[in-house]
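Asker: See my_file_21.cif below, with mmCIF, C-alpha atoms and all ligand atoms.
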```
data_data
loop_
_atom_site.group_PDB
_atom_site.id
_atom_site.type_symbol
_atom_site.label_atom_id
_atom_site.label_comp_id
_atom_site.auth_asym_id
_atom_site.auth_seq_id
_atom_site.Cartn_x
_atom_site.Cartn_y
_atom_site.Cartn_z
ATOM 1 C CA MET A 1 70.695 123.958 137.772
ATOM 2 C CA ALA A 2 71.464 120.251 137.965
ATOM 3 C CA GLY A 3 67.805 119.576 138.799
ATOM 4 C CA LYS A 4 66.642 121.562 135.768
ATOM 5 C CA ARG A 5 68.977 119.619 133.481
ATOM 6 C CA GLU A 6 67.564 116.392 134.975
ATOM 7 C CA ARG A 7 64.016 117.433 134.188
ATOM 8 C CA LYS A 8 64.924 118.367 130.634
ATOM 9 C CA ARG A 9 66.527 114.974 129.893
ATOM 10 C CA ARG A 10 64.645 113.362 127.013
ATOM 11 C CA ARG A 11 62.925 110.034 127.442
ATOM 12 C CA PRO A 12 64.500 107.151 125.456
ATOM 13 C CA PRO A 13 62.862 106.512 122.092
ATOM 14 C CA LEU A 14 59.766 104.328 122.027
ATOM 15 C CA LEU A 15 61.567 101.449 120.281
ATOM 16 C CA LEU A 16 64.225 101.310 123.000
ATOM 17 C CA ARG A 17 61.607 101.336 125.734
ATOM 18 C CA LEU A 18 59.741 98.556 123.936
ATOM 19 C CA LEU A 19 62.890 96.450 123.645
ATOM 20 C CA ARG A 20 63.643 96.950 127.344
ATOM 21 C CA GLY A 21 60.086 95.848 128.196
ATOM 22 C CA ILE A 22 60.391 92.724 126.054
ATOM 23 C CA LEU A 23 63.769 91.878 127.623
ATOM 24 C CA ALA A 24 62.348 92.283 131.146
ATOM 25 C CA LEU A 25 59.388 90.053 130.272
ATOM 26 C CA ALA A 26 61.678 87.414 128.723
ATOM 27 C CA LEU A 27 63.867 87.398 131.842
ATOM 28 C CA LEU A 28 60.830 87.119 134.088
ATOM 29 C CA GLY A 29 59.403 84.302 131.929
ATOM 30 C CA GLY A 30 62.733 82.478 131.939
ATOM 31 C CA ALA A 31 63.026 82.742 135.716
ATOM 32 C CA LEU A 32 59.448 81.523 136.164
ATOM 33 C CA ALA A 33 60.021 78.581 133.798
ATOM 34 C CA PHE A 34 63.220 77.637 135.631
ATOM 35 C CA TYR A 35 61.346 77.729 138.942
ATOM 36 C CA ALA A 36 58.397 75.709 137.562
ATOM 37 C CA PHE A 37 60.514 73.014 135.890
ATOM 38 C CA LYS A 38 63.509 72.782 138.204
ATOM 39 C CA ILE A 39 62.675 74.103 141.654
ATOM 40 C CA GLU A 40 59.031 73.615 142.577
ATOM 41 C CA PRO A 41 58.710 69.942 141.441
ATOM 42 C CA ARG A 42 61.338 69.015 144.078
ATOM 43 C CA TRP A 43 60.135 71.404 146.802
ATOM 44 C CA ILE A 44 57.993 69.022 148.862
ATOM 45 C CA GLN A 45 55.669 70.529 151.436
ATOM 46 C CA THR A 46 54.536 68.584 154.491
ATOM 47 C CA THR A 47 50.987 69.388 155.523
ATOM 48 C CA GLU A 48 49.050 68.263 158.568
ATOM 49 C CA LEU A 49 45.506 67.107 159.087
ATOM 50 C CA GLU A 50 43.996 66.113 162.433
ATOM 51 C CA VAL A 51 40.755 64.296 163.113
ATOM 52 C CA THR A 52 39.224 62.380 165.976
ATOM 53 C CA ALA A 53 37.808 58.902 165.622
ATOM 54 C CA PRO A 54 36.663 56.110 167.908
ATOM 55 C CA ILE A 55 39.990 54.277 167.954
ATOM 56 C CA GLU A 56 42.262 53.151 170.742
ATOM 57 C CA GLY A 57 45.122 55.584 171.312
ATOM 58 C CA SER A 58 46.205 57.729 168.406
ATOM 59 C CA LEU A 59 47.720 57.092 165.002
ATOM 60 C CA ARG A 60 50.211 59.021 162.931
ATOM 61 C CA ILE A 61 49.687 58.344 159.244
ATOM 62 C CA VAL A 62 51.536 59.549 156.168
ATOM 63 C CA ALA A 63 49.508 59.861 152.974
ATOM 64 C CA PHE A 64 51.218 60.408 149.644
ATOM 65 C CA GLY A 65 50.538 59.569 146.024
ATOM 66 C CA ASP A 66 50.856 60.459 142.356
ATOM 67 C CA THR A 67 54.539 59.611 142.197
ATOM 68 C CA HIS A 68 54.247 59.322 138.385
ATOM 69 C CA ILE A 69 57.664 57.678 138.181
ATOM 70 C CA GLY A 70 59.146 58.404 134.763
ATOM 71 C CA MET A 71 57.722 61.914 134.389
ATOM 72 C CA GLY A 72 60.519 63.920 135.955
ATOM 73 C CA LYS A 73 60.710 61.525 138.925
ATOM 74 C CA ASP A 74 62.980 58.527 139.346
ATOM 75 C CA GLN A 75 65.129 56.691 141.876
ATOM 76 C CA ALA A 76 66.777 59.822 143.284
ATOM 77 C CA GLU A 77 63.437 61.475 144.002
ATOM 78 C CA MET A 78 61.959 58.243 145.389
ATOM 79 C CA GLY A 79 64.953 57.911 147.724
ATOM 80 C CA ASP A 80 64.468 61.461 148.959
ATOM 81 C CA LEU A 81 60.745 60.799 149.438
ATOM 82 C CA VAL A 82 61.306 57.608 151.437
ATOM 83 C CA GLY A 83 63.816 59.412 153.654
ATOM 84 C CA ARG A 84 61.288 62.157 154.375
ATOM 85 C CA ILE A 85 58.502 59.665 155.153
ATOM 86 C CA ASN A 86 60.693 57.577 157.457
ATOM 87 C CA ALA A 87 61.808 60.702 159.324
ATOM 88 C CA ILE A 88 58.144 61.255 160.270
ATOM 89 C CA GLU A 89 58.097 57.769 161.887
ATOM 90 C CA PRO A 90 54.517 57.005 160.893
ATOM 91 C CA ASP A 91 52.432 54.142 162.252
ATOM 92 C CA ALA A 92 50.787 53.694 158.866
ATOM 93 C CA VAL A 93 51.391 54.893 155.306
ATOM 94 C CA PHE A 94 48.775 55.237 152.586
ATOM 95 C CA PHE A 95 49.632 55.447 148.876
ATOM 96 C CA LEU A 96 46.902 57.200 146.907
ATOM 97 C CA GLY A 97 47.622 55.837 143.410
ATOM 98 C CA ASP A 98 49.444 56.691 140.151
ATOM 99 C CA LEU A 99 52.731 54.901 140.758
ATOM 100 C CA PHE A 100 54.262 55.083 137.249
ATOM 101 C CA ASP A 101 53.288 57.808 134.821
ATOM 102 C CA ASN A 102 53.258 55.442 131.832
ATOM 103 C CA TYR A 103 54.430 51.984 132.809
ATOM 104 C CA ALA A 104 54.639 50.619 129.237
ATOM 105 C CA ALA A 105 56.770 53.533 128.042
ATOM 106 C CA TYR A 106 59.018 53.649 131.111
ATOM 107 C CA THR A 107 62.632 52.850 130.232
ATOM 108 C CA GLY A 108 64.124 53.146 133.729
ATOM 109 C CA ASP A 109 64.692 50.479 136.357
ATOM 110 C CA VAL A 110 61.286 49.379 137.656
ATOM 111 C CA GLU A 111 62.713 46.971 140.243
ATOM 112 C CA ALA A 112 65.075 49.601 141.659
ATOM 113 C CA ASN A 113 62.238 52.080 142.189
ATOM 114 C CA LEU A 114 60.060 49.478 143.879
ATOM 115 C CA ALA A 115 62.931 48.392 146.138
ATOM 116 C CA ILE A 116 63.417 52.012 147.230
ATOM 117 C CA LEU A 117 59.711 52.402 148.037
ATOM 118 C CA ALA A 118 59.796 49.106 149.929
ATOM 119 C CA GLY A 119 62.174 50.890 152.315
ATOM 120 C CA ILE A 120 59.255 52.880 153.767
ATOM 121 C CA GLU A 121 59.102 51.923 157.427
ATOM 122 C CA ALA A 122 55.627 51.623 158.908
ATOM 123 C CA GLU A 123 53.649 48.809 160.454
ATOM 124 C CA TYR A 124 50.726 49.204 158.066
ATOM 125 C CA LYS A 125 51.009 50.167 154.412
ATOM 126 C CA TYR A 126 47.932 50.343 152.192
ATOM 127 C CA ALA A 127 47.499 51.517 148.621
ATOM 128 C CA VAL A 128 44.783 52.161 146.085
ATOM 129 C CA ARG A 129 44.919 52.202 142.305
ATOM 130 C CA GLY A 130 44.909 55.372 140.210
ATOM 131 C CA ASN A 131 44.010 55.850 136.558
ATOM 132 C CA HIS A 132 47.699 55.685 135.571
ATOM 133 C CA ASP A 133 47.846 52.284 137.300
ATOM 134 C CA VAL A 134 45.312 51.050 134.740
ATOM 135 C CA GLY A 135 46.367 52.967 131.616
ATOM 136 C CA GLY A 136 49.869 52.777 130.192
ATOM 137 C CA GLY A 137 49.838 48.980 130.270
ATOM 138 C CA ALA A 138 49.784 48.839 134.077
ATOM 139 C CA GLU A 139 46.360 47.255 134.486
ATOM 140 C CA PHE A 140 47.468 43.668 135.022
ATOM 141 C CA VAL A 141 50.817 44.319 136.678
ATOM 142 C CA TYR A 142 49.895 47.001 139.224
ATOM 143 C CA PRO A 143 48.845 44.583 142.009
ATOM 144 C CA GLU A 144 52.253 42.894 141.720
ATOM 145 C CA LEU A 145 54.152 46.205 141.485
ATOM 146 C CA ILE A 146 52.512 47.727 144.544
ATOM 147 C CA ALA A 147 52.996 44.491 146.505
ATOM 148 C CA GLN A 148 56.692 44.611 145.630
ATOM 149 C CA ALA A 149 56.759 48.156 146.982
ATOM 150 C CA GLY A 150 55.469 46.702 150.251
ATOM 151 C CA PHE A 151 51.840 47.882 150.119
ATOM 152 C CA THR A 152 48.588 45.976 150.517
ATOM 153 C CA LEU A 153 46.222 46.933 147.716
ATOM 154 C CA LEU A 154 42.677 47.823 148.715
ATOM 155 C CA GLU A 155 40.356 47.764 145.734
ATOM 156 C CA ASN A 156 36.698 47.776 146.750
ATOM 157 C CA THR A 157 37.938 46.043 149.874
ATOM 158 C CA ASP A 158 38.633 47.110 153.438
ATOM 159 C CA ALA A 159 40.890 46.471 156.399
ATOM 160 C CA ARG A 160 40.663 47.095 160.121
ATOM 161 C CA LEU A 161 43.714 47.987 162.174
ATOM 162 C CA PRO A 162 44.067 46.559 165.707
ATOM 163 C CA CYS A 163 43.320 50.046 167.128
ATOM 164 C CA GLY A 164 39.905 49.820 165.449
ATOM 165 C CA LEU A 165 40.484 52.119 162.466
ATOM 166 C CA HIS A 166 38.403 51.024 159.483
ATOM 167 C CA ILE A 167 40.098 51.670 156.127
ATOM 168 C CA ILE A 168 38.365 51.246 152.784
ATOM 169 C CA GLY A 169 40.045 51.392 149.388
ATOM 170 C CA ALA A 170 38.000 52.323 146.319
ATOM 171 C CA ALA A 171 38.730 51.033 142.837
ATOM 172 C CA ASP A 172 39.844 53.598 140.261
ATOM 173 C CA TYR A 173 36.902 55.874 139.340
ATOM 174 C CA ILE A 174 37.933 56.470 135.711
ATOM 175 C CA TYR A 175 38.551 53.017 134.235
ATOM 176 C CA HIS A 176 36.994 50.795 136.897
ATOM 177 C CA THR A 177 33.920 50.948 139.113
ATOM 178 C CA PRO A 178 34.202 51.777 142.781
ATOM 179 C CA ASN A 179 31.751 49.612 144.679
ATOM 180 C CA LEU A 180 31.640 50.363 148.376
ATOM 181 C CA GLU A 181 28.411 48.528 149.085
ATOM 182 C CA GLY A 182 28.482 46.965 152.501
ATOM 183 C CA LEU A 183 31.796 48.653 153.347
ATOM 184 C CA THR A 184 30.611 52.068 154.537
ATOM 185 C CA GLY A 185 27.978 52.948 157.078
ATOM 186 C CA GLU A 186 28.136 52.506 160.841
ATOM 187 C CA GLY A 187 31.204 53.832 162.638
ATOM 188 C CA PHE A 188 34.155 55.828 161.381
ATOM 189 C CA ASP A 189 35.128 55.015 157.804
ATOM 190 C CA LEU A 190 38.363 56.252 156.252
ATOM 191 C CA LEU A 191 38.145 55.981 152.483
ATOM 192 C CA LEU A 192 41.175 55.984 150.202
ATOM 193 C CA ALA A 193 40.095 56.913 146.675
ATOM 194 C CA HIS A 194 42.425 58.146 143.951
ATOM 195 C CA GLU A 195 39.875 60.452 142.309
ATOM 196 C CA PRO A 196 38.451 62.969 144.802
ATOM 197 C CA ASP A 197 35.165 63.554 142.962
ATOM 198 C CA LEU A 198 34.063 60.100 144.070
ATOM 199 C CA ALA A 199 33.118 61.981 147.252
ATOM 200 C CA ASP A 200 29.956 63.208 145.520
ATOM 201 C CA ALA A 201 28.864 59.629 144.794
ATOM 202 C CA VAL A 202 29.339 58.169 148.275
ATOM 203 C CA SER A 203 27.909 58.890 151.694
ATOM 204 C CA GLY A 204 28.558 57.665 155.207
ATOM 205 C CA VAL A 205 32.301 58.236 154.884
ATOM 206 C CA GLU A 206 33.801 60.290 157.708
ATOM 207 C CA LEU A 207 37.141 60.970 156.021
ATOM 208 C CA GLN A 208 38.204 60.531 152.391
ATOM 209 C CA LEU A 209 41.827 60.880 151.310
ATOM 210 C CA SER A 210 42.458 61.439 147.618
ATOM 211 C CA GLY A 211 45.046 62.573 145.116
ATOM 212 C CA HIS A 212 44.758 62.731 141.308
ATOM 213 C CA SER A 213 44.378 66.509 140.932
ATOM 214 C CA HIS A 214 48.040 67.363 141.639
ATOM 215 C CA GLY A 215 46.440 70.411 143.227
ATOM 216 C CA GLY A 216 45.976 71.759 139.715
ATOM 217 C CA GLN A 217 49.717 71.236 138.977
ATOM 218 C CA VAL A 218 49.946 74.605 137.220
ATOM 219 C CA TYR A 219 47.763 76.666 139.479
ATOM 220 C CA LEU A 220 47.144 79.725 137.350
ATOM 221 C CA PRO A 221 43.566 80.929 136.867
ATOM 222 C CA PHE A 222 43.720 80.742 133.047
ATOM 223 C CA LEU A 223 45.587 77.410 132.907
ATOM 224 C CA VAL A 224 44.468 75.315 135.854
ATOM 225 C CA GLN A 225 41.409 73.918 134.052
ATOM 226 C CA GLU A 226 43.745 72.505 131.361
ATOM 227 C CA PHE A 227 45.619 70.542 134.013
ATOM 228 C CA LEU A 228 42.639 69.392 136.087
ATOM 229 C CA PRO A 229 41.683 65.880 135.038
ATOM 230 C CA GLY A 230 38.202 64.391 135.048
ATOM 231 C CA GLY A 231 37.487 63.088 138.529
ATOM 232 C CA ALA A 232 39.077 66.138 140.146
ATOM 233 C CA GLN A 233 36.805 68.953 139.043
ATOM 234 C CA ASN A 234 35.031 69.539 142.343
ATOM 235 C CA TYR A 235 37.747 68.798 144.892
ATOM 236 C CA ILE A 236 41.139 70.150 143.919
ATOM 237 C CA ARG A 237 43.404 70.650 146.918
ATOM 238 C CA GLY A 238 43.288 70.586 150.687
ATOM 239 C CA ARG A 239 40.369 70.056 153.012
ATOM 240 C CA TYR A 240 36.675 70.143 152.174
ATOM 241 C CA GLU A 241 33.633 69.489 154.304
ATOM 242 C CA LYS A 242 30.674 67.777 152.697
ATOM 243 C CA ALA A 243 27.036 68.469 153.497
ATOM 244 C CA ASP A 244 26.821 65.118 155.322
ATOM 245 C CA GLY A 245 29.682 66.188 157.622
ATOM 246 C CA GLY A 246 32.301 64.005 155.932
ATOM 247 C CA ILE A 247 35.752 65.467 155.327
ATOM 248 C CA VAL A 248 37.508 65.171 151.973
ATOM 249 C CA TYR A 249 41.222 65.839 151.879
ATOM 250 C CA VAL A 250 42.974 66.145 148.516
ATOM 251 C CA ASN A 251 46.727 65.641 148.577
ATOM 252 C CA ARG A 252 48.585 67.451 145.766
ATOM 253 C CA GLY A 253 50.793 64.433 145.045
ATOM 254 C CA ILE A 254 54.510 64.081 144.499
ATOM 255 C CA GLY A 255 54.915 63.877 140.728
ATOM 256 C CA MET A 256 53.478 65.339 137.568
ATOM 257 C CA SER A 257 51.647 64.306 134.424
ATOM 258 C CA MET A 258 51.592 65.686 130.877
ATOM 259 C CA LEU A 259 54.630 67.909 131.535
ATOM 260 C CA PRO A 260 57.262 67.717 134.300
ATOM 261 C CA VAL A 261 56.188 71.087 135.632
ATOM 262 C CA ARG A 262 54.549 72.487 138.761
ATOM 263 C CA LEU A 263 53.639 76.070 139.487
ATOM 264 C CA PHE A 264 52.062 77.274 142.727
ATOM 265 C CA SER A 265 51.171 73.673 143.515
ATOM 266 C CA ARG A 266 54.056 72.236 145.473
ATOM 267 C CA PRO A 267 54.388 68.461 145.880
ATOM 268 C CA GLU A 268 52.888 67.314 149.164
ATOM 269 C CA ILE A 269 53.207 64.732 151.894
ATOM 270 C CA THR A 270 50.261 64.747 154.300
ATOM 271 C CA ILE A 271 50.630 63.797 157.937
ATOM 272 C CA LEU A 272 47.267 62.671 159.215
ATOM 273 C CA THR A 273 46.959 62.374 162.970
ATOM 274 C CA ILE A 274 43.926 60.488 164.211
ATOM 275 C CA HIS A 275 43.197 61.056 167.874
ATOM 276 C CA GLY A 276 41.161 58.446 169.684
ATOM 277 C CA GLU A 277 37.950 59.763 171.216
ATOM 278 C CA GLU A 278 38.021 59.819 175.019
HETATM 279 FE FE FE A 301 48.227 61.597 139.102
#
```
In structure tokens, what does this structure look like?
Answerer:
Amino acid sequence: MAGKRERKRRRPPLLLRLLRGILALALLGGALAFYAFKIEPRWIQTTELEVTAPIEGSLRIVAFGDTHIGMGKDQAEMGDLVGRINAIEPDAVFFLGDLFDNYAAYTGDVEANLAILAGIEAEYKYAVRGNHDVGGGAEFVYPELIAQAGFTLLENTDARLPCGLHIIGAADYIYHTPNLEGLTGEGFDLLLAHEPDLADAVSGVELQLSGHSHGGQVYLPFLVQEFLPGGAQNYIRGRYEKADGGIVYVNRGIGMSMLPVRLFSRPEITILTIHGEE
């Protein structure tokens, strides 16, 4: 009898069902927005990449970039970042560009942020310039800012570590002109280039590390194109292998641009281990 009564129970009116649906969607949207604005931007993922190269011994390198200080990131986040990097005890650290989001509009404490970043402990620290290190009034101050943070700027220049690793830094691909003539070719070349799509314009590079894309930042099929900047249309996140055998690795960055939001594109620190060839 009870079962029959159950079956006879009338469905709620359409309007009520509609209201319930809208409420459920609003709750889901609210939870997703909270996650995208408050949780994911601070939820750093550490990824690993391993390659072999003709160097003596092996090297543990940390690559990070796109801090975009001022856009949802400031001293507290930089302090947390430096702690995480130092815990990895890297031999070398590479910064892939985009230090401040908009240097001219930044109202926080520039010196304090740079002093925190200068606390990164590694024997070798190299940086390249990103498009936000040219725009936003940063063009003429970036070399000084990044030096204060303890990094040597490579801009169409190179460096060789005592173990033999050859590192090249490209100029920004959006405002400036990368010119790697005479820098690439024989031997193992590790290229640091903010914009990953530079990979299609260079050859003879065994490994390229880039940022810029933020991994899409909001990685939803119908939105990701809105967030992908020029210079990161072909290489968006993670590891790629080029036809010439070169590897391109795109780090998703730490910070954000346009909006302080990340969805399905967690901030990333990359640990690159280079094993010497026997
Ligand atoms: Fe960026």
Asker: Mind telling me what the PyMOL selection byres (((not hetatm)) within 7 of (chain A and resi 301)) catches here, as a ChimeraX atom specification?
Answerer: /A:66,68,98,132,211-214,256-257
Asker: Counting only C-alpha atoms, figure out which residue out of A:Ala92, A:Ile247, A:Leu28, A:Ile274 gets nearest to Asp200 in chain A.
Answerer: A:Ile247
Asker: From the list A:Asn86, A:Asn131, A:Thr107, A:Asn179, which residue is nearest Pro229 in chain A when using all atoms listed in the file?
Answerer: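 Using all atoms listed in the file, Pro229 in chain A sits closest to A:Asn131.
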Asker: Give me the result of the PyMOL selection byres (((chain A and resi 121) around 9) and not hetatm) on this file, residue by residue, as a ChimeraX atom specification.
Answerer: /A:82,85-86,89-93,118-120,122-125
Asker: What is the distance, in Å and to one decimal place, between CA of Gly83 in chain A and CA of Gly169 in chain A?
Answerer: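 Going from CA of Gly83 in chain A over to CA of Gly169 in chain A, I get 25.4 Å.
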Asker: Rounded to one decimal in Å, what is the spacing between CA of Val205 in chain A and CA of Tyr175 in chain A?
Answerer: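 We find that CA of Val205 in chain A and CA of Tyr175 in chain A lie 22.2 Å from each other.
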Asker: Restricting the calculation to all atoms listed in the file, which member of A:Gly245, A:Gly185, A:Pro12, A:Gly97 is positioned closest to Leu154 in chain A?
Answerer: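 Selected residue with least distance to Leu154 in chain A: A:Gly97.
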Asker: Do you know which residues the PyMOL selection byres (((chain A and resi 53-65) around 7) and not hetatm) returns on this file, as an MDAnalysis selection string?
Answerer: chainID A and resid 51:52 66:67 90:98 163:165 188 211 251 253:254 269:277
Asker: What gap, in Å, lies between CA of Glu186 in chain A and CA of Pro162 in chain A?
Answerer: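 These two atoms are separated by 17.7 Å.
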Asker: Enclose all atoms of range 28-39 of chain A listed in the file in an axis-aligned box, grow every side by 4 Å, and hand back centre and edge lengths in Å to one decimal, as AutoDock Vina command-line options.
Answerer:
```
--center_x 61.0 --center_y 80.0 --center_z 136.8 --size_x 13.1 --size_y 22.3 --size_z 17.7
```
Asker: Find the residues around range 111-114 of chain A up to 6 Å (only C-alpha atoms counted), leave out those fewer than 2 positions away in its own chain, and share them as a list in words.
Answerer: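 Selected residues are Gln75, Asp109, Ile116, Leu117 and Ala149 of chain A.
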Asker: Pick the closest to Leu198 in chain A from A:Leu161, A:Ala138, A:Leu263, A:Ile174: which is it, counting all atoms listed in the file?
Answerer: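 Among the listed residues, the smallest separation from Leu198 in chain A belongs to A:Ile174.
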Asker: Which residue out of A:Gly137, A:Gly216, A:Gly130, A:Gly238 has the minimum interatomic distance to Ala193 in chain A when only C-alpha atoms are used?
Answerer: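 With only C-alpha atoms as the atom set, the closest residue is A:Gly130.
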Asker: Which residue, A:Glu268, A:Asp101, A:Glu139, A:Asp158, has the smallest gap to Tyr126 in chain A when you use all atoms listed in the file?
Answerer: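 Under the stated criterion, the closest residue is A:Asp158.
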Asker: Considering all atoms listed in the file, return as a VMD selection string whatever protein or nucleic-acid residues lie within 12 Å of Arg266 in chain A, sequence-local ones (same chain, fewer than 3 positions apart) excluded.
Answerer: chain A and resid 35 to 47 214 to 219 237 251 to 256 261 to 263 269
